[in-house]
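Visitor: The following file, data.txt, comprises compact mmCIF, C-alpha atoms and all ligand atoms:
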```
# COMPACT_ATOMS: atom_id res chain seq x y z
CA MET A 19 74.44 96.63 190.35
CA SER A 20 73.88 93.57 188.18
CA ALA A 21 76.83 91.25 187.65
CA VAL A 22 78.18 90.98 184.13
CA THR A 23 77.79 87.48 182.73
CA GLU A 24 79.61 85.66 179.96
CA GLN A 25 76.26 85.03 178.32
CA ALA A 26 75.44 88.75 178.19
CA VAL A 27 78.84 89.59 176.66
CA LEU A 28 78.56 86.86 174.02
CA ASP A 29 74.99 87.86 173.18
CA ALA A 30 76.14 91.42 172.64
CA LEU A 31 79.00 90.27 170.40
CA ARG A 32 76.64 88.09 168.39
CA GLN A 33 75.39 91.28 166.76
CA ILE A 34 78.69 91.59 164.88
CA GLN A 35 78.72 89.81 161.55
CA ASP A 36 81.73 88.86 159.49
CA PRO A 37 80.90 90.56 156.19
CA ASP A 38 82.41 87.76 154.09
CA LEU A 39 81.48 84.64 155.98
CA HIS A 40 77.95 85.91 156.70
CA LYS A 41 77.94 84.60 160.23
CA ASP A 42 78.33 86.31 163.58
CA ILE A 43 81.75 86.37 165.21
CA VAL A 44 80.66 84.28 168.20
CA THR A 45 79.33 81.44 166.02
CA LEU A 46 82.52 81.60 163.97
CA GLY A 47 84.53 81.07 167.15
CA PHE A 48 86.45 84.33 166.83
CA ILE A 49 86.06 85.24 170.54
CA LYS A 50 88.84 83.81 172.67
CA ASP A 51 90.03 84.22 176.29
CA LEU A 52 86.93 85.99 177.56
CA LYS A 53 87.56 87.16 181.10
CA ILE A 54 85.17 89.01 183.40
CA GLU A 55 86.45 90.51 186.62
CA GLY A 56 83.75 92.60 188.26
CA GLY A 57 83.00 95.22 185.63
CA ASP A 58 86.21 94.68 183.66
CA VAL A 59 85.73 92.62 180.53
CA SER A 60 88.60 91.46 178.34
CA PHE A 61 88.74 89.17 175.31
CA ARG A 62 90.56 88.56 172.06
CA ILE A 63 88.95 88.65 168.63
CA VAL A 64 90.84 86.17 166.51
CA LEU A 65 90.26 86.86 162.81
CA THR A 66 91.12 84.59 159.91
CA THR A 67 93.74 87.01 158.55
CA PRO A 68 95.79 89.90 159.94
CA ALA A 69 95.06 91.70 156.65
CA CYS A 70 91.34 92.00 157.45
CA PRO A 71 89.97 95.25 155.99
CA VAL A 72 87.24 95.60 158.66
CA LYS A 73 89.51 94.97 161.64
CA GLU A 74 89.20 98.46 163.17
CA GLN A 75 85.48 98.60 162.55
CA MET A 76 84.97 95.25 164.27
CA GLU A 77 87.09 96.30 167.24
CA GLY A 78 85.08 99.52 167.61
CA SER A 79 81.75 97.70 167.44
CA ALA A 80 82.86 95.12 169.99
CA ARG A 81 84.06 97.79 172.36
CA GLY A 82 80.85 99.79 171.94
CA LEU A 83 78.43 96.88 172.29
CA VAL A 84 80.10 95.34 175.34
CA GLY A 85 80.82 98.72 176.88
CA SER A 86 77.15 99.65 176.89
CA LEU A 87 76.10 96.54 178.83
CA PRO A 88 74.91 97.36 182.34
CA GLY A 89 77.64 96.86 184.93
CA VAL A 90 80.57 96.99 182.49
CA THR A 91 83.19 99.53 183.56
CA SER A 92 86.00 98.73 181.12
CA VAL A 93 86.45 96.74 177.90
CA ASN A 94 89.81 95.43 176.81
CA VAL A 95 89.75 94.07 173.24
CA THR A 96 92.82 92.55 171.61
CA MET A 97 92.69 92.02 167.85
CA ASP A 98 94.50 88.91 166.72
CA ALA A 99 94.58 86.60 163.74
CA GLU A 100 95.06 82.92 163.05
CA VAL A 101 95.08 82.10 159.39
CA PRO A 102 93.12 78.88 158.84
CA LYS A 103 94.94 75.99 157.23
CA GLY A 104 94.15 75.49 153.58
CA ARG A 105 92.74 72.54 151.73
CA GLY A 106 93.87 68.96 152.14
CA PHE A 107 97.51 68.70 151.22
CA SER A 108 97.61 64.95 151.63
CA ASP A 109 97.84 63.86 147.99
CA LYS A 110 100.57 66.33 147.16
CA ILE A 111 103.95 67.30 148.51
CA SER A 112 103.18 68.24 152.07
CA ILE A 113 104.95 71.01 153.88
CA LYS A 114 104.54 71.22 157.59
CA GLY A 115 103.97 74.73 158.83
CA ILE A 116 102.67 76.31 155.63
CA ARG A 117 99.03 77.26 155.96
CA ASN A 118 98.14 78.57 152.52
CA ILE A 119 99.87 78.51 149.17
CA ILE A 120 98.76 81.18 146.73
CA ALA A 121 99.83 80.97 143.09
CA VAL A 122 100.24 84.20 141.14
CA SER A 123 99.74 83.47 137.49
CA SER A 124 99.16 85.19 134.17
CA GLY A 125 98.22 84.34 130.62
CA LYS A 126 101.48 85.82 129.35
CA GLY A 127 104.70 87.49 130.50
CA GLY A 128 105.31 91.17 131.07
CA VAL A 129 101.96 91.94 132.66
CA GLY A 130 103.52 92.60 136.07
CA LYS A 131 102.99 89.18 137.62
CA SER A 132 106.24 89.28 139.62
CA THR A 133 105.64 92.88 140.63
CA VAL A 134 102.21 91.93 141.97
CA ALA A 135 103.60 88.85 143.74
CA VAL A 136 106.38 90.85 145.41
CA ASN A 137 104.22 93.78 146.53
CA MET A 138 101.49 91.45 147.68
CA ALA A 139 103.93 89.42 149.77
CA VAL A 140 105.48 92.51 151.36
CA SER A 141 102.01 94.00 152.00
CA LEU A 142 100.85 90.88 153.82
CA ALA A 143 104.03 90.97 155.91
CA LEU A 144 103.38 94.64 156.71
CA ASP A 145 99.91 93.59 157.85
CA GLY A 146 101.56 91.23 160.32
CA ALA A 147 101.29 87.90 158.50
CA ARG A 148 104.13 85.37 158.22
CA VAL A 149 104.93 85.32 154.54
CA GLY A 150 107.12 83.36 152.15
CA LEU A 151 107.69 84.02 148.48
CA MET A 152 108.69 81.27 146.10
CA ASP A 153 109.93 82.42 142.74
CA ALA A 154 109.00 79.49 140.53
CA ASP A 155 109.21 81.39 137.27
CA VAL A 156 111.66 79.06 135.59
CA TYR A 157 111.89 81.30 132.52
CA GLY A 158 112.66 84.61 134.19
CA PRO A 159 113.26 84.39 137.92
CA ASN A 160 113.70 88.02 138.92
CA VAL A 161 112.04 88.20 142.32
CA PRO A 162 115.34 88.36 144.30
CA MET A 163 116.36 91.45 142.33
CA MET A 164 113.01 93.09 142.98
CA LEU A 165 113.53 92.53 146.71
CA GLY A 166 117.10 93.81 146.68
CA ALA A 167 118.48 90.33 147.27
CA GLY A 168 119.98 89.75 143.83
CA GLY A 169 123.35 88.46 144.98
CA ALA A 170 122.22 86.65 148.10
CA GLN A 171 123.17 83.02 148.67
CA PRO A 172 121.12 80.89 151.02
CA GLN A 173 122.78 79.16 153.96
CA VAL A 174 122.50 75.44 154.44
CA GLU A 175 121.57 74.12 157.85
CA GLU A 176 122.25 70.59 159.02
CA TRP A 177 120.91 68.81 162.01
CA THR A 178 120.06 65.37 163.29
CA GLU A 179 116.56 64.10 163.89
CA PHE A 180 115.31 60.95 165.52
CA GLU A 181 112.30 58.98 164.44
CA ASP A 182 111.33 55.48 165.60
CA GLY A 183 114.66 55.20 167.37
CA LYS A 184 116.50 55.86 164.12
CA GLU A 185 118.86 58.73 163.65
CA PHE A 186 119.03 60.63 160.39
CA LYS A 187 120.62 63.79 159.06
CA VAL A 188 118.48 66.65 157.77
CA ARG A 189 119.89 69.28 155.40
CA LYS A 190 117.83 72.29 154.53
CA LEU A 191 118.24 75.59 152.71
CA ILE A 192 117.50 78.65 154.79
CA PRO A 193 115.44 81.14 152.79
CA ILE A 194 116.77 84.63 152.22
CA GLU A 195 114.86 87.32 154.12
CA ALA A 196 113.90 90.70 152.72
CA TYR A 197 111.31 93.07 154.15
CA ASP A 198 110.14 90.32 156.52
CA VAL A 199 109.44 88.00 153.60
CA LYS A 200 111.19 84.63 153.33
CA LEU A 201 112.35 84.15 149.80
CA MET A 202 113.53 81.31 147.60
CA SER A 203 114.07 81.52 143.88
CA MET A 204 115.06 79.44 140.91
CA ALA A 205 117.60 82.23 140.40
CA ILE A 206 119.17 81.47 143.77
CA LEU A 207 119.32 77.75 143.13
CA LYS A 208 120.83 78.35 139.75
CA PRO A 209 122.48 81.75 139.49
CA GLY A 210 123.50 83.12 136.13
CA ASP A 211 121.76 84.39 133.05
CA GLU A 212 121.26 81.30 130.96
CA PRO A 213 117.61 80.46 130.55
CA MET A 214 116.64 77.21 132.11
CA ILE A 215 115.47 74.36 129.98
CA VAL A 216 112.97 72.59 132.08
CA ARG A 217 111.39 69.29 131.36
CA GLY A 218 108.83 67.44 133.38
CA PRO A 219 111.00 65.28 135.65
CA ILE A 220 113.55 68.03 136.32
CA LEU A 221 110.80 70.46 137.14
CA HIS A 222 109.24 67.95 139.47
CA GLY A 223 112.53 67.64 141.33
CA LEU A 224 113.02 71.39 141.51
CA VAL A 225 109.59 72.08 142.89
CA LYS A 226 109.96 69.29 145.37
CA GLN A 227 113.25 70.77 146.51
CA PHE A 228 111.64 74.18 146.87
CA LEU A 229 108.92 72.86 149.07
CA SER A 230 110.57 70.18 151.11
CA ASP A 231 114.26 71.08 151.20
CA VAL A 232 113.71 74.68 152.22
CA LYS A 233 113.26 75.50 155.88
CA TRP A 234 110.21 77.71 155.48
CA GLY A 235 109.14 77.44 159.10
CA GLU A 236 105.67 78.59 160.06
CA LEU A 237 104.01 80.58 157.27
CA ASP A 238 100.51 82.01 156.96
CA TYR A 239 100.95 82.54 153.24
CA LEU A 240 103.41 81.20 150.71
CA ILE A 241 103.10 83.24 147.53
CA VAL A 242 104.30 81.43 144.41
CA ASP A 243 105.33 83.46 141.37
CA MET A 244 104.40 81.01 138.62
CA PRO A 245 105.84 80.97 135.13
CA PRO A 246 103.63 82.88 132.67
CA GLY A 247 101.26 81.09 130.37
CA THR A 248 99.27 77.89 130.49
CA GLY A 249 101.61 75.29 129.02
CA ASP A 250 102.76 71.96 130.41
CA VAL A 251 105.19 73.46 132.88
CA GLN A 252 102.50 75.63 134.44
CA LEU A 253 100.07 72.78 134.50
CA SER A 254 102.42 70.39 136.27
CA LEU A 255 103.51 73.07 138.68
CA ALA A 256 99.90 73.78 139.57
CA GLN A 257 99.47 70.05 140.03
CA LEU A 258 102.56 69.63 142.17
CA VAL A 259 102.09 72.53 144.49
CA PRO A 260 99.19 72.15 146.91
CA VAL A 261 97.70 75.48 145.95
CA GLN A 262 94.91 77.00 148.00
CA GLY A 263 94.01 79.46 145.29
CA ALA A 264 95.29 81.27 142.23
CA VAL A 265 95.52 84.98 141.60
CA LEU A 266 95.39 85.91 137.92
CA VAL A 267 97.22 89.04 136.83
CA THR A 268 96.14 90.75 133.66
CA THR A 269 96.52 94.12 131.97
CA PRO A 270 93.72 95.95 130.20
CA GLN A 271 95.35 95.24 126.84
CA GLU A 272 95.46 91.60 127.72
CA VAL A 273 91.79 91.62 128.47
CA ALA A 274 92.02 89.41 125.51
CA VAL A 275 89.34 87.15 126.76
CA SER A 276 90.86 84.00 125.32
CA ASP A 277 94.05 84.25 127.44
CA VAL A 278 92.17 84.56 130.65
CA ARG A 279 89.70 81.90 129.71
CA ARG A 280 92.59 79.51 129.06
CA ALA A 281 94.13 80.33 132.45
CA LEU A 282 90.81 79.82 134.22
CA ARG A 283 90.35 76.51 132.43
CA MET A 284 93.85 75.38 133.45
CA PHE A 285 93.21 75.97 137.13
CA GLU A 286 89.84 74.29 136.82
CA THR A 287 91.57 71.23 135.35
CA VAL A 288 93.90 70.91 138.32
CA ASN A 289 91.14 71.71 140.79
CA VAL A 290 92.57 74.98 142.06
CA PRO A 291 90.06 77.72 142.88
CA VAL A 292 90.72 81.04 141.20
CA LEU A 293 90.69 83.65 143.96
CA GLY A 294 90.23 86.46 141.47
CA VAL A 295 91.78 88.78 138.92
CA VAL A 296 94.16 91.69 139.53
CA GLU A 297 94.12 94.27 136.78
CA ASN A 298 97.62 95.75 136.59
CA MET A 299 98.74 98.89 134.73
CA SER A 300 95.06 99.62 134.71
CA TYR A 301 95.12 103.42 134.47
CA PHE A 302 97.68 106.21 134.75
CA ILE A 303 97.93 108.87 137.44
CA ALA A 304 100.02 111.82 136.27
CA PRO A 305 102.65 112.42 138.96
CA ASP A 306 102.58 116.20 138.49
CA THR A 307 98.84 116.82 138.49
CA GLY A 308 97.42 113.70 140.12
CA ASN A 309 94.95 113.45 137.27
CA ARG A 310 93.76 110.01 136.31
CA TYR A 311 93.81 108.81 132.73
CA ASP A 312 92.05 105.66 131.63
CA ILE A 313 94.45 104.97 128.82
CA PHE A 314 92.98 101.65 127.86
CA GLY A 315 89.37 102.46 128.60
CA GLU A 316 87.60 101.79 131.83
CA GLY A 317 86.36 98.68 133.60
CA GLY A 318 87.80 95.98 131.32
CA GLY A 319 88.94 93.86 134.25
CA LYS A 320 85.63 94.25 136.04
CA ARG A 321 83.64 93.19 132.99
CA LEU A 322 85.86 90.18 132.60
CA CYS A 323 85.29 89.16 136.21
CA GLU A 324 81.55 89.47 135.80
CA MET A 325 81.64 87.42 132.65
CA TYR A 326 83.49 84.55 134.31
CA HIS A 327 82.05 84.94 137.80
CA VAL A 328 85.42 85.44 139.46
CA PRO A 329 86.06 88.11 142.10
CA SER A 330 87.89 91.26 141.13
CA LEU A 331 90.87 91.68 143.44
CA GLY A 332 91.46 95.28 142.46
CA ALA A 333 93.25 97.43 139.95
CA VAL A 334 96.79 98.82 140.18
CA PRO A 335 97.62 101.99 138.29
CA LEU A 336 100.56 102.36 135.98
CA GLY A 337 103.30 104.38 137.65
CA MET A 338 106.97 105.03 137.23
CA GLU A 339 107.51 104.47 140.95
CA VAL A 340 106.45 100.83 140.52
CA ARG A 341 109.07 100.11 137.89
CA ALA A 342 111.69 102.13 139.78
CA GLY A 343 110.88 100.16 142.94
CA GLY A 344 111.38 96.90 141.09
CA ASP A 345 114.68 98.02 139.58
CA SER A 346 116.11 99.39 142.82
CA GLY A 347 115.07 96.43 144.95
CA VAL A 348 112.78 98.50 147.15
CA PRO A 349 109.16 97.54 146.42
CA VAL A 350 106.83 100.51 146.02
CA VAL A 351 104.81 99.54 149.13
CA ILE A 352 108.01 100.16 151.14
CA GLY A 353 109.70 102.92 149.14
CA GLN A 354 106.64 105.07 148.42
CA PRO A 355 104.01 103.79 150.82
CA ASP A 356 101.61 106.69 150.26
CA SER A 357 101.60 106.55 146.46
CA PRO A 358 98.34 105.50 144.77
CA GLN A 359 100.19 102.44 143.43
CA ALA A 360 101.31 101.33 146.90
CA LEU A 361 97.84 101.87 148.34
CA ALA A 362 96.38 99.83 145.48
CA PHE A 363 98.78 96.95 146.18
CA ARG A 364 97.93 97.04 149.89
CA LYS A 365 94.23 96.77 149.01
CA VAL A 366 94.87 93.91 146.60
CA ALA A 367 96.71 92.03 149.36
CA GLU A 368 93.80 92.51 151.76
CA GLU A 369 91.39 91.32 149.12
CA VAL A 370 93.48 88.23 148.40
CA ALA A 371 93.66 87.43 152.13
CA ARG A 372 89.90 87.85 152.31
CA GLN A 373 89.29 85.45 149.44
CA VAL A 374 91.70 82.89 150.96
CA SER A 375 89.76 83.07 154.23
CA ILE A 376 86.50 82.60 152.37
CA GLU A 377 87.85 79.55 150.51
CA ALA A 378 89.32 78.07 153.69
CA MET A 379 86.12 78.60 155.66
CA LYS A 380 84.10 77.01 152.86
CA THR A 381 86.17 73.85 153.27
CA GLU A 382 85.98 74.04 157.05
CA LEU A 383 82.20 74.52 157.02
CA VAL A 384 81.84 71.52 154.71
CA VAL A 385 83.99 69.42 157.06
CA LEU A 386 81.92 70.64 160.02
CA ALA A 387 78.66 69.82 158.25
CA LYS A 388 79.90 66.32 157.33
CA SER A 389 81.06 65.56 160.86
CA ARG A 390 77.62 66.30 162.28
N1 LIG A 401 101.78 99.08 137.77
C1 LIG A 401 102.93 99.23 137.14
N2 LIG A 401 103.38 100.46 136.75
C2 LIG A 401 104.56 100.62 136.11
N3 LIG A 401 105.38 99.62 135.79
C3 LIG A 401 105.01 98.36 136.14
C4 LIG A 401 103.78 98.11 136.82
N4 LIG A 401 103.71 96.76 137.04
C5 LIG A 401 104.83 96.22 136.51
N5 LIG A 401 105.61 97.18 135.96
C6 LIG A 401 106.91 96.99 135.26
O1 LIG A 401 106.68 96.18 134.11
C7 LIG A 401 107.77 95.31 133.90
C8 LIG A 401 107.27 93.86 133.86
O2 LIG A 401 106.82 93.50 135.17
P1 LIG A 401 107.08 92.05 135.78
O3 LIG A 401 106.49 92.06 137.16
O4 LIG A 401 108.51 91.65 135.64
O5 LIG A 401 106.16 91.19 134.81
P2 LIG A 401 105.99 89.60 134.65
O6 LIG A 401 106.44 88.96 135.90
O7 LIG A 401 104.52 89.40 134.38
O8 LIG A 401 106.81 89.22 133.46
C9 LIG A 401 108.76 95.58 135.01
O9 LIG A 401 109.74 96.47 134.55
C10 LIG A 401 107.92 96.23 136.08
O10 LIG A 401 108.67 97.11 136.90
MG MG A 402 108.13 87.76 136.25
```
How would this structure read if it were set down as structure tokens?

Guide:
Amino acid sequence: MSAVTEQAVLDALRQIQDPDLHKDIVTLGFIKDLKIEGGDVSFRIVLTTPACPVKEQMEGSARGLVGSLPGVTSVNVTMDAEVPKGRGFSDKISIKGIRNIIAVSSGKGGVGKSTVAVNMAVSLALDGARVGLMDADVYGPNVPMMLGAGGAQPQVEEWTEFEDGKEFKVRKLIPIEAYDVKLMSMAILKPGDEPMIVRGPILHGLVKQFLSDVKWGELDYLIVDMPPGTGDVQLSLAQLVPVQGAVLVTTPQEVAVSDVRRALRMFETVNVPVLGVVENMSYFIAPDTGNRYDIFGEGGGKRLCEMYHVPSLGAVPLGMEVRAGGDSGVPVVIGQPDSPQALAFRKVAEEVARQVSIEAMKTELVVLAKSR
């Protein structure tokens, strides 16, 4: 019987393409810890996100292709993920341990921006990613309530660090945890109902505190719920936070082209790629019959994406369970995981993760090309 070689296994795996990065998984360096013992082959496939929609398919192909090589008696595939680190953070506030910051933004309030941010964060955590959620909506910070952490107060941790023989004290806020998501909010820093009046320098300080004075730890994704609109506050926030990409939330009514165009222009100005558009409250599914009603007409979000060449990240139907989930502090992806709304949010999260991987790999491939 012929001996199984590393070369033969890798050649077999080369037939598997990553559908987004358009390269095979061996070239992309996804195969790790390849071990061959007689006819027993084991390896890990390390993807760029745990929320990969083709994970199972890839695992099946790998098992099949390697399993049919002559001499192979067993194949042990472990699926794993390491989220690549985002773009250069050097010129902005840097946060050790945070791989990608994703801003969730909208042309105006009330379109479900916070609802999308919350369900997206929880979905990514359910997929196995390490997730943080920063509620930076200075006008209406309501993320803690949506995660059932309305009254929570963060702990402060103090410790001593040494650098260059000098000793100094470090004080950090420990984020609140809900549904495996680490959370910090303007509402937590400043409880109460009065609206915040935020001016440039104060905002700068607040954002800095959020990023550097919070012990986020290791995060694959930090989701930032941005204030609505495209004014100065939004602009400086987008400038301050080293954002990997922005997710724009819109409703079919709001497919007022001018709003979205303004938001796209804003992110262009601060050099933040727009990962795509989520169309929220897109259609209605009657809870009693399951019938779908396109209340606002069909395909508005899609057309908009085509017009501006931005990816569509999916559509979330209107549903009472979404609002109820927000009010009760149990997000719909947890409370009613099989509802069409929850499934739509899970898909949106996968799509966002996919676009982040694509953006990150673009940067990485450019760096690779330059270093050659
Ligand atoms: N898909 C949806 N179906 C039903 N209600 C929704 C949906 N998305 C958001 N909502 C509700 O709409 C209201 C506004 O949402 P919110 O996320 O607070 O908007 P924003 O952050 O853009 O101001 C909330 O009461 C929320 O529960
Ligand atoms: Mg909000």

Visitor: Any idea what's packed within 9 Å of A:Lys114, counting only C-alpha atoms, ignoring anything in its chain fewer than 4 positions away? Could you give it as a VMD selection string?

Guide: chain A and resid 230 234 to 236

Visitor: Put those residues in a file: C-alpha atoms, as an mmCIF file, keeping the file's coordinate frame.

Guide:
```
data_model
loop_
_atom_site.group_PDB
_atom_site.id
_atom_site.type_symbol
_atom_site.label_atom_id
_atom_site.label_comp_id
_atom_site.auth_asym_id
_atom_site.auth_seq_id
_atom_site.Cartn_x
_atom_site.Cartn_y
_atom_site.Cartn_z
ATOM 1 C CA SER A 230 110.570 70.180 151.110
ATOM 2 C CA TRP A 234 110.210 77.710 155.480
ATOM 3 C CA GLY A 235 109.140 77.440 159.100
ATOM 4 C CA GLU A 236 105.670 78.590 160.060
#
```

Visitor: List as JSON, numbers by chain the protein and nucleic acid residues lying within 8 Å of ligand LIG 401 (chain A), with all atoms listed in the file counted.

Guide: {"A": [124, 126, 127, 128, 129, 130, 131, 132, 133, 134, 135, 158, 160, 243, 246, 267, 298, 299, 300, 334, 335, 336, 337, 338, 339, 340, 341, 342, 343, 344, 345, 359]}

Visitor: Counting only C-alpha atoms, what is within 12 Å of A:Val296, bar same-chain residues fewer than 3 positions away, as a ChimeraX atom specification?

Guide: /A:122-124,129-131,133-135,138,264-270,272-273,278,292-293,299-300,318-320,322-323,328-335,362-363,365-367,369-370

Visitor: Report, in Å to a single decimal, how far apart atom CA of A:Thr96 and atom CA of A:Arg62 are.

Guide: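 It comes out at 4.6 Å.
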
Visitor: Between A:Leu39, A:Leu65, A:Ala139, A:Ile49, which is the closest to A:Ile119 once you count all atoms listed in the file?

Guide: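 The closest residue to A:Ile119 is A:Ala139.
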
Visitor: From the options A:Val90, A:Ile376, A:Val161, A:Val72, which residue's atoms come nearest to A:Gln262, counting all atoms listed in the file?

Guide: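 Selected residue with least distance to A:Gln262: A:Ile376.
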
Visitor: Residues at most 12 Å from A:Leu142, counting only C-alpha atoms, excluding those fewer than 4 positions away in the same chain, as a VMD selection string?

Guide: chain A and resid 67 to 71 101 134 to 138 146 to 151 197 to 199 237 to 241 351 363 to 372

Visitor: Quick one: everything within 7 Å of stretch 251-257 of chain A, counting only C-alpha atoms, minus sequence neighbours fewer than 5 positions away in the same chain. Send it as a PyMOL selection string.

Guide: chain A and resi 245+284+288

Visitor: Using all atoms listed in the file for the distances, tell me which of A:Met152, A:Met202, A:Ile120, A:Val188 is nearest to A:Gln171.

Guide: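 Closest to A:Gln171 of all the choices is A:Met202.
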
Visitor: Leaving out A:Gly56 and any residue of its chain fewer than 4 positions from it, which residues lie within 12 Å of it when counting all atoms listed in the file, given as a list in words?

Guide: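 Those residues are Met19, Ser20, Ala21, Val22, Thr23, Glu24, Ser60, Pro88, Gly89, Val90, Thr91, Ser92 and Val93 of chain A.
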
Visitor: Calculate how many Å separate atom CA of A:Gly249 from atom CA of A:Arg280, rounding to one decimal.

Guide: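 Atom CA of A:Arg280 lies at a distance of 10.0 Å from atom CA of A:Gly249.
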
Visitor: Just checking: using all atoms listed in the file, which residue out of A:Ala205, A:Val27, A:Lys200, A:Asp58 ends up closest to ligand MG 402 (chain A)?

Guide: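 Ranked by minimum distance to ligand MG 402 (chain A), first place goes to A:Ala205.
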